[in-house]
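Everything below belongs to run-v2.cif, which stores mmCIF, C-alpha atoms and all ligand atoms.
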```cif
data_entry
#
loop_
_atom_site.label_atom_id
_atom_site.label_comp_id
_atom_site.auth_asym_id
_atom_site.auth_seq_id
_atom_site.Cartn_x
_atom_site.Cartn_y
_atom_site.Cartn_z
CA MET A 1 37.46 -26.95 46.82
CA SER A 2 38.29 -28.79 49.99
CA LEU A 3 41.18 -29.10 52.39
CA LYS A 4 42.71 -31.52 49.90
CA THR A 5 43.14 -28.77 47.34
CA ILE A 6 45.94 -27.18 49.31
CA GLN A 7 47.83 -30.46 49.73
CA ALA A 8 50.45 -31.24 47.12
CA ALA A 9 50.13 -34.31 44.88
CA THR A 10 52.47 -37.11 45.93
CA GLY A 11 56.07 -36.30 45.02
CA PHE A 12 55.41 -32.67 44.13
CA LYS A 13 55.67 -30.90 47.46
CA ASP A 14 59.41 -30.31 47.23
CA TYR A 15 58.99 -28.48 43.94
CA LEU A 16 56.47 -25.99 45.28
CA PRO A 17 57.56 -22.52 46.47
CA LYS A 18 58.62 -22.37 50.13
CA GLU A 19 55.68 -20.10 50.93
CA TYR A 20 53.32 -22.77 49.69
CA GLN A 21 55.05 -25.59 51.55
CA ASP A 22 54.76 -23.50 54.72
CA LEU A 23 51.00 -23.19 54.16
CA ILE A 24 50.71 -26.97 53.96
CA ASP A 25 52.86 -27.59 57.05
CA ASP A 26 51.99 -24.69 59.35
CA GLY A 27 49.10 -22.88 57.67
CA PRO A 28 45.67 -21.85 58.94
CA PHE A 29 43.74 -24.40 56.86
CA LEU A 30 43.82 -27.60 58.84
CA GLN A 31 42.95 -26.00 62.15
CA LYS A 32 41.17 -22.79 63.10
CA ARG A 33 43.66 -20.18 64.34
CA LYS A 34 43.08 -17.39 66.82
CA VAL A 35 44.34 -13.80 66.78
CA SER A 36 46.37 -14.56 69.91
CA GLU A 37 48.25 -17.22 67.92
CA LEU A 38 49.46 -14.75 65.27
CA GLY A 39 53.20 -15.15 64.79
CA SER A 40 52.98 -18.88 65.52
CA PHE A 41 51.49 -20.05 62.22
CA LYS A 42 51.96 -19.32 58.53
CA GLU A 43 49.35 -16.74 57.61
CA ALA A 44 47.19 -16.95 54.51
CA LEU A 45 48.08 -13.34 53.66
CA GLU A 46 51.39 -13.21 51.80
CA GLU A 47 53.78 -10.30 51.22
CA HIS A 48 52.13 -7.43 49.28
CA PRO A 49 52.83 -3.85 48.15
CA MET A 50 50.45 -1.81 50.35
CA CYS A 51 52.06 1.20 52.10
CA SER A 52 54.06 0.93 55.29
CA GLY A 53 51.90 1.26 58.41
CA CYS A 54 48.57 1.23 56.56
CA ALA A 55 45.66 0.51 58.91
CA MET A 56 43.77 -1.07 56.03
CA THR A 57 46.54 -3.64 55.76
CA LEU A 58 46.21 -4.49 59.45
CA PHE A 59 42.43 -4.80 59.13
CA ILE A 60 42.71 -7.12 56.11
CA ARG A 61 45.32 -9.23 57.88
CA LEU A 62 42.95 -9.71 60.83
CA CYS A 63 40.04 -10.59 58.51
CA TYR A 64 41.95 -13.63 57.27
CA VAL A 65 42.04 -14.88 60.85
CA GLY A 66 38.32 -14.18 61.29
CA PHE A 67 36.91 -15.99 58.22
CA PRO A 68 35.11 -19.02 59.68
CA SER A 69 36.31 -21.41 56.97
CA LEU A 70 39.15 -20.07 54.87
CA GLU A 71 39.15 -23.07 52.54
CA HIS A 72 35.51 -22.45 51.58
CA THR A 73 35.72 -18.69 51.13
CA VAL A 74 35.85 -16.66 47.94
CA LEU A 75 36.74 -12.96 48.12
CA VAL A 76 35.53 -10.37 45.66
CA GLY A 77 37.28 -7.03 45.34
CA THR A 78 38.06 -4.36 42.81
CA ALA A 79 40.39 -1.48 42.00
CA GLY A 80 41.56 0.35 45.12
CA CYS A 81 44.30 -0.18 47.69
CA GLY A 82 42.89 -3.25 49.47
CA ARG A 83 43.10 -5.52 46.45
CA LEU A 84 46.89 -5.11 46.43
CA ALA A 85 46.91 -7.29 49.56
CA ILE A 86 43.77 -9.37 49.02
CA SER A 87 45.14 -10.59 45.70
CA GLN A 88 48.19 -11.98 47.58
CA GLY A 89 46.28 -14.21 50.00
CA ALA A 90 45.85 -17.99 49.79
CA VAL A 91 42.09 -17.59 49.31
CA PRO A 92 40.49 -17.37 45.86
CA PHE A 93 40.07 -13.73 44.88
CA VAL A 94 37.84 -12.41 42.11
CA TYR A 95 38.74 -9.00 40.74
CA GLY A 96 35.45 -7.35 39.77
CA ASN A 97 35.32 -4.25 37.62
CA TYR A 98 35.21 -1.07 39.66
CA GLY A 99 31.55 -0.77 40.58
CA ASP A 100 30.24 -4.26 39.96
CA THR A 101 31.56 -6.17 43.01
CA ASN A 102 28.16 -6.89 44.51
CA ALA A 103 26.71 -8.01 41.17
CA VAL A 104 29.67 -10.37 40.68
CA ALA A 105 29.33 -11.65 44.24
CA THR A 106 25.62 -12.29 43.69
CA GLY A 107 26.24 -14.52 40.68
CA LEU A 108 29.12 -16.25 42.39
CA LYS A 109 27.20 -17.01 45.58
CA ARG A 110 24.18 -18.31 43.70
CA GLY A 111 26.36 -20.44 41.42
CA LEU A 112 28.31 -21.93 44.29
CA GLU A 113 25.06 -22.79 46.06
CA ILE A 114 23.91 -24.80 43.05
CA ARG A 115 27.29 -26.45 42.48
CA PHE A 116 28.04 -27.34 46.13
CA LYS A 117 24.72 -28.27 47.66
CA ASP A 118 26.09 -29.82 50.86
CA GLN A 119 29.02 -27.50 51.47
CA PRO A 120 28.39 -23.85 52.40
CA LYS A 121 30.64 -21.47 50.47
CA ASP A 122 31.20 -17.99 51.89
CA VAL A 123 31.43 -15.06 49.52
CA VAL A 124 32.86 -11.83 50.92
CA VAL A 125 33.14 -8.52 49.09
CA MET A 126 36.02 -6.36 50.32
CA ALA A 127 36.50 -3.00 48.68
CA GLY A 128 37.03 0.68 49.36
CA ASP A 129 34.53 3.38 50.20
CA GLY A 130 34.83 4.73 46.65
CA GLY A 131 34.24 1.26 45.23
CA LEU A 132 31.18 0.55 47.37
CA ALA A 133 29.51 3.85 48.33
CA ASP A 134 30.14 5.76 45.09
CA ILE A 135 30.77 3.81 41.93
CA GLY A 136 29.41 0.47 43.18
CA PHE A 137 26.52 2.01 45.08
CA HIS A 138 23.63 0.69 43.00
CA ALA A 139 24.99 -2.87 42.93
CA VAL A 140 25.54 -2.78 46.70
CA MET A 141 22.03 -1.49 47.42
CA HIS A 142 20.33 -3.94 45.07
CA SER A 143 22.23 -6.92 46.49
CA TRP A 144 20.83 -5.84 49.86
CA PHE A 145 17.27 -5.33 48.59
CA ARG A 146 17.43 -8.80 47.02
CA LYS A 147 18.68 -10.23 50.34
CA GLU A 148 21.73 -11.88 48.74
CA LYS A 149 23.48 -14.07 51.28
CA PHE A 150 27.00 -12.69 51.35
CA THR A 151 29.04 -10.20 53.38
CA THR A 152 30.11 -6.76 52.20
CA VAL A 153 33.12 -5.22 53.95
CA MET A 154 33.81 -1.56 53.31
CA LEU A 155 37.46 -0.58 53.83
CA ASP A 156 36.57 3.00 54.70
CA ASN A 157 39.66 5.19 54.49
CA GLU A 158 37.37 8.14 53.68
CA VAL A 159 39.19 8.90 50.42
CA TYR A 160 40.15 7.48 47.03
CA GLY A 161 43.57 6.43 48.26
CA ASN A 162 44.74 4.46 45.26
CA THR A 163 44.26 7.32 42.81
CA GLY A 164 45.76 10.11 44.89
CA GLY A 165 43.20 11.80 47.10
CA GLN A 166 39.79 12.47 45.58
CA ASP A 167 36.96 12.85 48.10
CA SER A 168 34.42 10.02 48.26
CA GLY A 169 30.85 9.96 49.54
CA MET A 170 32.34 8.67 52.80
CA THR A 171 34.75 11.61 53.27
CA GLN A 172 33.70 13.94 56.05
CA LYS A 173 32.14 17.27 55.14
CA GLY A 174 34.65 20.10 54.89
CA MET A 175 37.68 17.85 54.51
CA VAL A 176 40.32 19.34 52.23
CA MET A 177 41.92 16.68 50.04
CA LYS A 178 44.56 16.95 47.31
CA MET A 179 41.83 16.75 44.74
CA ALA A 180 39.11 18.48 46.78
CA PRO A 181 41.02 21.72 47.39
CA THR A 182 38.02 23.76 48.52
CA GLY A 183 36.80 21.03 50.87
CA LYS A 184 34.22 18.28 50.58
CA LYS A 185 30.79 19.86 50.09
CA PHE A 186 28.44 17.20 51.51
CA GLU A 187 27.99 15.11 54.65
CA LYS A 188 29.57 11.64 55.00
CA MET A 189 27.06 9.10 53.67
CA ASP A 190 25.14 7.07 56.23
CA MET A 191 25.82 3.63 54.73
CA LEU A 192 24.93 1.86 57.99
CA GLY A 193 21.53 3.56 58.04
CA LEU A 194 20.97 2.70 54.38
CA ALA A 195 21.91 -0.93 55.09
CA LYS A 196 19.28 -1.16 57.82
CA THR A 197 16.65 0.44 55.59
CA ALA A 198 17.48 -2.03 52.83
CA GLY A 199 16.92 -4.96 55.21
CA VAL A 200 20.48 -6.07 55.90
CA ALA A 201 20.56 -8.78 58.61
CA TYR A 202 23.65 -7.59 60.50
CA THR A 203 25.78 -4.46 60.36
CA ALA A 204 28.86 -3.44 62.30
CA ARG A 205 30.93 -0.27 62.50
CA ILE A 206 34.46 -0.92 63.67
CA ALA A 207 38.01 0.46 63.84
CA PRO A 208 41.06 -1.84 64.04
CA THR A 209 41.94 -1.00 67.65
CA ASN A 210 41.08 -4.42 69.06
CA PRO A 211 42.41 -7.26 66.88
CA THR A 212 40.30 -10.04 68.43
CA ARG A 213 37.16 -7.97 68.02
CA VAL A 214 37.92 -7.44 64.32
CA ALA A 215 38.27 -11.19 63.76
CA ASN A 216 35.15 -12.01 65.78
CA THR A 217 33.08 -9.40 63.95
CA ILE A 218 34.12 -10.75 60.54
CA ARG A 219 33.32 -14.28 61.65
CA LYS A 220 29.90 -13.23 62.93
CA ALA A 221 29.07 -11.33 59.72
CA VAL A 222 30.08 -14.24 57.50
CA LEU A 223 28.14 -16.83 59.54
CA ILE A 224 25.00 -14.68 59.65
CA ALA A 225 25.24 -14.10 55.88
CA ARG A 226 25.53 -17.85 55.36
CA GLU A 227 22.30 -18.56 57.27
CA VAL A 228 20.17 -15.42 57.33
CA GLY A 229 20.87 -12.72 54.75
CA PRO A 230 23.18 -9.89 53.67
CA THR A 231 25.62 -8.47 56.22
CA PHE A 232 27.69 -5.28 56.13
CA ILE A 233 30.82 -4.17 57.97
CA GLN A 234 32.03 -0.59 57.73
CA ALA A 235 35.62 -0.42 58.93
CA TYR A 236 37.68 2.69 59.60
CA THR A 237 40.98 1.94 57.90
CA SER A 238 42.86 5.25 57.70
CA CYS A 239 45.00 6.23 54.73
CA ASN A 240 48.20 7.57 56.27
CA ILE A 241 49.33 8.94 52.89
CA GLU A 242 46.29 11.06 51.97
CA TYR A 243 45.59 12.10 55.59
CA ALA A 244 49.30 12.72 56.35
CA ILE A 245 49.33 10.54 59.48
CA PRO A 246 52.92 9.69 60.49
CA THR A 247 53.01 5.88 60.59
CA PRO A 248 53.96 5.61 64.31
CA LYS A 249 50.73 7.56 65.02
CA VAL A 250 48.39 5.38 62.98
CA MET A 251 47.03 3.48 66.00
CA ASP A 252 46.68 6.71 68.01
CA ASP A 253 44.60 8.08 65.15
CA ALA A 254 42.47 4.91 65.03
CA ARG A 255 41.78 5.15 68.77
CA ALA A 256 41.00 8.88 68.60
CA VAL A 257 38.63 8.52 65.62
CA GLU A 258 36.99 5.50 67.26
CA LYS A 259 36.38 7.50 70.41
CA ASP A 260 35.15 10.56 68.54
CA ARG A 261 32.84 9.17 65.83
CA TYR A 262 33.62 5.56 64.92
CA SER A 263 32.73 3.57 68.05
CA PHE A 264 32.06 -0.15 67.76
CA GLU A 265 28.37 -0.53 66.99
CA GLU A 266 26.39 -3.57 65.89
CA TYR A 267 22.87 -3.99 64.57
CA PHE A 268 20.99 -7.30 64.24
CA SER A 269 17.65 -7.86 62.50
CA ASP A 270 15.24 -9.91 64.66
CA GLU A 271 15.93 -13.00 62.57
CA ALA A 272 19.70 -12.51 62.75
CA LYS A 273 19.53 -12.00 66.51
CA ALA A 274 17.51 -15.20 67.02
CA TYR A 275 19.93 -17.15 64.82
CA TRP A 276 23.02 -15.77 66.53
CA ASP A 277 21.76 -16.33 70.09
CA GLU A 278 20.81 -19.88 69.21
CA SER A 279 24.16 -20.66 67.57
CA GLU A 280 26.07 -19.15 70.52
CA LYS A 281 24.10 -21.43 72.88
CA GLU A 282 24.92 -24.40 70.67
CA ARG A 283 28.65 -23.53 70.67
CA LYS A 284 28.63 -23.21 74.47
CA ARG A 285 26.89 -26.56 74.75
CA LEU A 286 29.49 -28.20 72.47
CA ARG A 287 32.36 -26.66 74.43
CA LYS A 288 30.92 -28.00 77.67
CA ALA A 289 30.36 -31.45 76.16
CA LYS A 290 34.00 -31.50 75.02
CA LYS A 291 35.22 -30.87 78.56
CA MET B 1 68.73 4.19 54.66
CA TYR B 2 65.61 2.79 56.24
CA ALA B 3 65.15 1.25 59.67
CA VAL B 4 63.51 -1.99 60.71
CA ALA B 5 62.18 -3.19 64.04
CA GLU B 6 64.44 -5.21 66.33
CA ILE B 7 63.14 -7.00 69.41
CA ASP B 8 65.26 -7.47 72.52
CA ALA B 9 64.78 -11.19 73.16
CA GLU B 10 65.79 -10.86 76.79
CA ILE B 11 63.19 -8.21 77.65
CA CYS B 12 60.45 -9.77 75.51
CA GLY B 13 61.30 -13.30 76.69
CA ALA B 14 60.64 -12.28 80.28
CA THR B 15 56.99 -11.56 79.40
CA LYS B 16 54.18 -13.70 78.00
CA CYS B 17 52.98 -10.77 75.98
CA ARG B 18 52.41 -11.43 72.24
CA LEU B 19 50.81 -8.04 71.65
CA CYS B 20 52.89 -6.59 68.80
CA THR B 21 52.34 -9.78 66.78
CA GLN B 22 48.64 -8.82 66.62
CA PHE B 23 49.15 -5.19 65.62
CA CYS B 24 51.88 -5.31 62.98
CA PRO B 25 50.02 -4.54 59.74
CA GLU B 26 52.10 -7.05 57.79
CA GLY B 27 51.50 -10.79 57.86
CA ASN B 28 54.23 -13.08 59.27
CA THR B 29 56.56 -10.16 59.94
CA ILE B 30 56.64 -10.29 63.72
CA LEU B 31 56.87 -13.99 64.47
CA TYR B 32 56.74 -15.71 67.82
CA ASP B 33 59.32 -18.27 68.89
CA GLU B 34 57.58 -20.74 71.20
CA THR B 35 60.84 -22.29 72.39
CA ARG B 36 62.62 -19.07 73.29
CA GLY B 37 59.32 -17.42 74.34
CA THR B 38 60.06 -14.25 72.40
CA ALA B 39 58.76 -12.35 69.42
CA TYR B 40 61.21 -11.74 66.55
CA VAL B 41 61.15 -9.82 63.29
CA ALA B 42 61.48 -10.98 59.69
CA VAL B 43 63.64 -8.06 58.57
CA ASP B 44 62.92 -8.63 54.88
CA ARG B 45 59.21 -8.10 55.54
CA CYS B 46 59.34 -5.20 57.98
CA LYS B 47 58.25 -1.93 56.33
CA GLY B 48 59.57 0.22 59.17
CA CYS B 49 56.26 1.78 60.24
CA GLU B 50 57.09 1.73 63.99
CA ILE B 51 53.55 0.72 64.97
CA CYS B 52 55.00 -2.17 66.98
CA VAL B 53 57.24 0.23 68.93
CA GLY B 54 54.16 2.18 70.09
CA ILE B 55 52.35 -1.04 70.98
CA CYS B 56 55.27 -2.39 73.03
CA ASP B 57 56.03 0.95 74.74
CA ASP B 58 52.54 2.31 75.41
CA LEU B 59 50.19 -0.70 75.47
CA ALA B 60 52.40 -3.56 76.68
CA LYS B 61 54.73 -1.20 78.58
CA HIS B 62 57.72 -3.46 77.99
CA HIS B 63 59.97 -1.24 75.80
CA ALA B 64 61.49 -4.22 73.99
CA ILE B 65 61.44 -2.89 70.40
CA LYS B 66 63.87 -0.47 68.79
CA MET B 67 64.21 0.72 65.22
CA VAL B 68 67.61 -0.14 63.75
CA PRO B 69 69.07 0.99 60.39
CA ILE B 70 68.87 -2.02 58.08
CA ASP B 71 72.64 -2.11 57.50
CA GLN B 72 73.26 -2.39 61.24
CA VAL B 73 71.00 -5.39 61.81
CA LYS B 74 73.05 -8.34 62.99
CA GLU B 75 71.96 -11.78 61.78
CA GLY B 76 68.48 -10.57 60.86
CA PHE B 77 65.96 -13.32 60.17
CA GLU B 78 64.79 -13.35 56.54
CA ILE B 79 61.62 -15.34 55.97
CA SER B 80 61.99 -15.21 52.17
CA LYS B 81 65.23 -17.18 52.48
CA VAL B 82 64.33 -19.90 54.96
CA GLY B 83 60.55 -19.87 55.14
CA PHE B 84 58.29 -19.90 58.17
CA LYS B 85 59.84 -21.27 61.37
CA ARG B 86 57.96 -22.12 64.55
CA SER B 87 61.19 -21.62 66.41
CA LEU B 88 64.64 -20.47 65.42
CA VAL B 89 66.12 -22.93 67.90
CA GLU B 90 64.84 -25.97 65.98
CA SER B 91 66.35 -24.76 62.75
CA GLU B 92 69.86 -24.41 64.10
C1 LIG C 1 35.26 2.14 36.29
C2 LIG C 1 36.53 2.67 36.89
N1 LIG C 1 36.64 3.99 37.18
C3 LIG C 1 37.76 4.46 37.74
C4 LIG C 1 38.81 3.63 38.03
C5 LIG C 1 40.09 4.19 38.66
N2 LIG C 1 40.25 3.87 40.05
C6 LIG C 1 41.06 2.88 40.46
S1 LIG C 1 41.21 2.77 42.12
C7 LIG C 1 40.16 4.09 42.33
C8 LIG C 1 39.87 4.67 43.69
C9 LIG C 1 39.71 3.70 44.75
O1 LIG C 1 39.16 4.33 45.87
P1 LIG C 1 38.45 3.48 46.98
O2 LIG C 1 37.48 2.54 46.38
O3 LIG C 1 37.94 4.38 48.02
O4 LIG C 1 39.63 2.57 47.55
P2 LIG C 1 41.01 3.00 48.25
O5 LIG C 1 42.02 3.04 47.15
O6 LIG C 1 40.82 4.30 48.92
O7 LIG C 1 41.26 1.91 49.20
C10 LIG C 1 39.72 4.59 41.09
C11 LIG C 1 38.84 5.73 40.91
C12 LIG C 1 38.67 2.26 37.71
N3 LIG C 1 39.65 1.37 37.98
N4 LIG C 1 37.54 1.82 37.14
S1 LIG C 2 47.55 4.93 49.78
FE1 LIG C 2 46.64 5.02 51.83
S2 LIG C 2 45.07 3.38 51.92
FE2 LIG C 2 46.42 3.02 50.13
S3 LIG C 2 47.97 1.55 50.90
FE3 LIG C 2 48.81 3.64 51.12
S4 LIG C 2 48.27 4.29 53.21
FE4 LIG C 2 46.99 2.51 52.69
S1 LIG C 3 54.89 -6.05 72.50
FE1 LIG C 3 57.02 -6.09 73.25
S2 LIG C 3 57.02 -7.50 75.00
FE2 LIG C 3 55.12 -7.81 73.85
S3 LIG C 3 55.58 -9.53 72.43
FE3 LIG C 3 56.00 -7.61 71.34
S4 LIG C 3 58.18 -7.20 71.71
FE4 LIG C 3 57.54 -8.73 73.20
S1 LIG C 4 57.97 -1.58 62.12
FE1 LIG C 4 55.89 -1.95 61.28
S2 LIG C 4 56.19 -3.52 59.71
FE2 LIG C 4 58.03 -3.52 60.99
S3 LIG C 4 57.66 -5.12 62.51
FE3 LIG C 4 57.02 -3.14 63.42
S4 LIG C 4 54.82 -3.00 62.99
FE4 LIG C 4 55.66 -4.58 61.62
#
```
Write the structure described by the file as structure tokens, please.
Amino acid sequence: MSLKTIQAATGFKDYLPKEYQDLIDDGPFLQKRKVSELGSFKEALEEHPMCSGCAMTLFIRLCYVGFPSLEHTVLVGTAGCGRLAISQGAVPFVYGNYGDTNAVATGLKRGLEIRFKDQPKDVVVMAGDGGLADIGFHAVMHSWFRKEKFTTVMLDNEVYGNTGGQDSGMTQKGMVMKMAPTGKKFEKMDMLGLAKTAGVAYTARIAPTNPTRVANTIRKAVLIAREVGPTFIQAYTSCNIEYAIPTPKVMDDARAVEKDRYSFEEYFSDEAKAYWDESEKERKRLRKAKK
Amino acid sequence: MYAVAEIDAEICGATKCRLCTQFCPEGNTILYDETRGTAYVAVDRCKGCEICVGICDDLAKHHAIKMVPIDQVKEGFEISKVGFKRSLVESE
């Protein structure tokens, strides 16, 4: 994989779909794009069938802007709503079985490290709260205990959205869902606390209220995973269907939930902090040198 | 009948805003025309959620976006027909 892989072979460009030609001419591959440039370049995320006004869709869209090197990224997902979009992006996507995402990502990351010694390849797991905190729980935890160097992003809509409203470990206690008619019996799982206990290098809790912050947080998590160890992002990405949020109110809900119990919060291990501070200094130095 | 977002190029063009382009959940649905200095909508991609209306009204405070029934959209831009355009002026 390199930038060359997205270029068409001589004489073939005209025969490619328009969407693909646009990626070659105006895509995000040949130069790094910012959130503030959205609308002015062809995005890697193509049309997809996720619901109208879904906050998870917005979050995923912003992630594609945040990945530090799109052309060297492999995404791993599984059953659940998010994959409906992630499978329509111009970034390789591996569809793991429900539950084994972090085992698949482990093998993939290790294999890519052997195959491409001089070129870092970023592996990012993106899946729902059901996929990661319930059915994939053991694989997630063990990838963290083993200090596997990839990022796990939980699209936390606090429900099994894709299968019609079962409660997950991440649903809040007492919540009445279509398929939890007497209310969820247990507390929302503390995945961020578990991540810290398991030795994860960087964690972040975030809601999609500030697009630039979403992209920056993804970038940070992927870069720290590349150099230091496992990273974890837990993102509030409401399901407007199962939580009956009228779509014009989706951002109001995100802001209210963020204020109430989902504020932006980061954690760095000592090693991750030292690495990040050093790399920030280096970037500042390079920017100055450029001027 | 469903409605899609329509941006008033005159109101939007008087700002340097670019806020709704960052909050629309769909990729390449609100585009930004550098030449005309305005955001515009790919009507074939818009899913009618109205998130952009809230962003323009409440956050940007420019009130440039209205929802319009799809059969009343005049000369709506369709990205699936012509592909991505940096500016609609160039393509004319
Ligand atoms: C092993 C296995 N069990 C069950 C399913 C059915 N299934 C598909 S999607 C899904 C729920 C997804 O919920 P979550 O991971 O929270 O993602 P969301 O759809 O809410 O984004 C389930 C149970 C499956 N595909 N595989
Ligand atoms: S079911 Fe919920 S989480 Fe899934 S795409 Fe629809 S709104 Fe989004
Ligand atoms: S939020 Fe309103 S003023 Fe701002 S770019 Fe969008 S349409 Fe234009
Ligand atoms: S109505 Fe929704 S999908 Fe349509 S342009 Fe506005 S934010 Fe995007």
Contacts of Arg146 (chain A) at 9 Å or less, counting only C-alpha atoms, minus same-chain residues fewer than 3 places along, as number ranges by chain? A: 141-143, 198, 230
Please identify every polymer residue within 8 Å of ligand LIG 1 (chain C), using only C-alpha atoms and all ligand atoms, and present the set as a ChimeraX atom specification. /A:56,78-82,97-99,127-132,135,155-163,168,239
Please tabulate, as a tab-separated table, the residues of chain A that come within 12 Å of ligand LIG 3 (chain C), each with its closest pair of atoms and the distance in Å to one decimal, counting all atoms listed in the file and ordering rows by chain, then residue number upward.
```
residue	atom	partner	partner_atom	distance
A:Ser36	CA	C:LIG3	S3	10.8
A:Glu37	CA	C:LIG3	S3	11.5
A:Leu38	CA	C:LIG3	S3	10.8
A:Gly39	CA	C:LIG3	S3	9.8
A:Ser40	CA	C:LIG3	S3	11.9
```
Kindly compile the residues surrounding ligand LIG 4 (chain C) within 6 Å, counting all atoms listed in the file, and format them as a PyMOL selection string. (chain A and resi 53) or (chain B and resi 4-5+24-26+29-30+41+46-52)
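Here the question is which of A:Phe41, A:Tyr64, A:Tyr202, A:Phe150 gets nearest to Leu112 (chain A) using all atoms listed in the file, and that residue is A:Phe150.
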Compute the set of chain B residues within 12 Å of chain A, using only C-alpha atoms, and express it as an MDAnalysis selection string. chainID B and resid 2:4 16:35 37:42 44:59 67 79:88
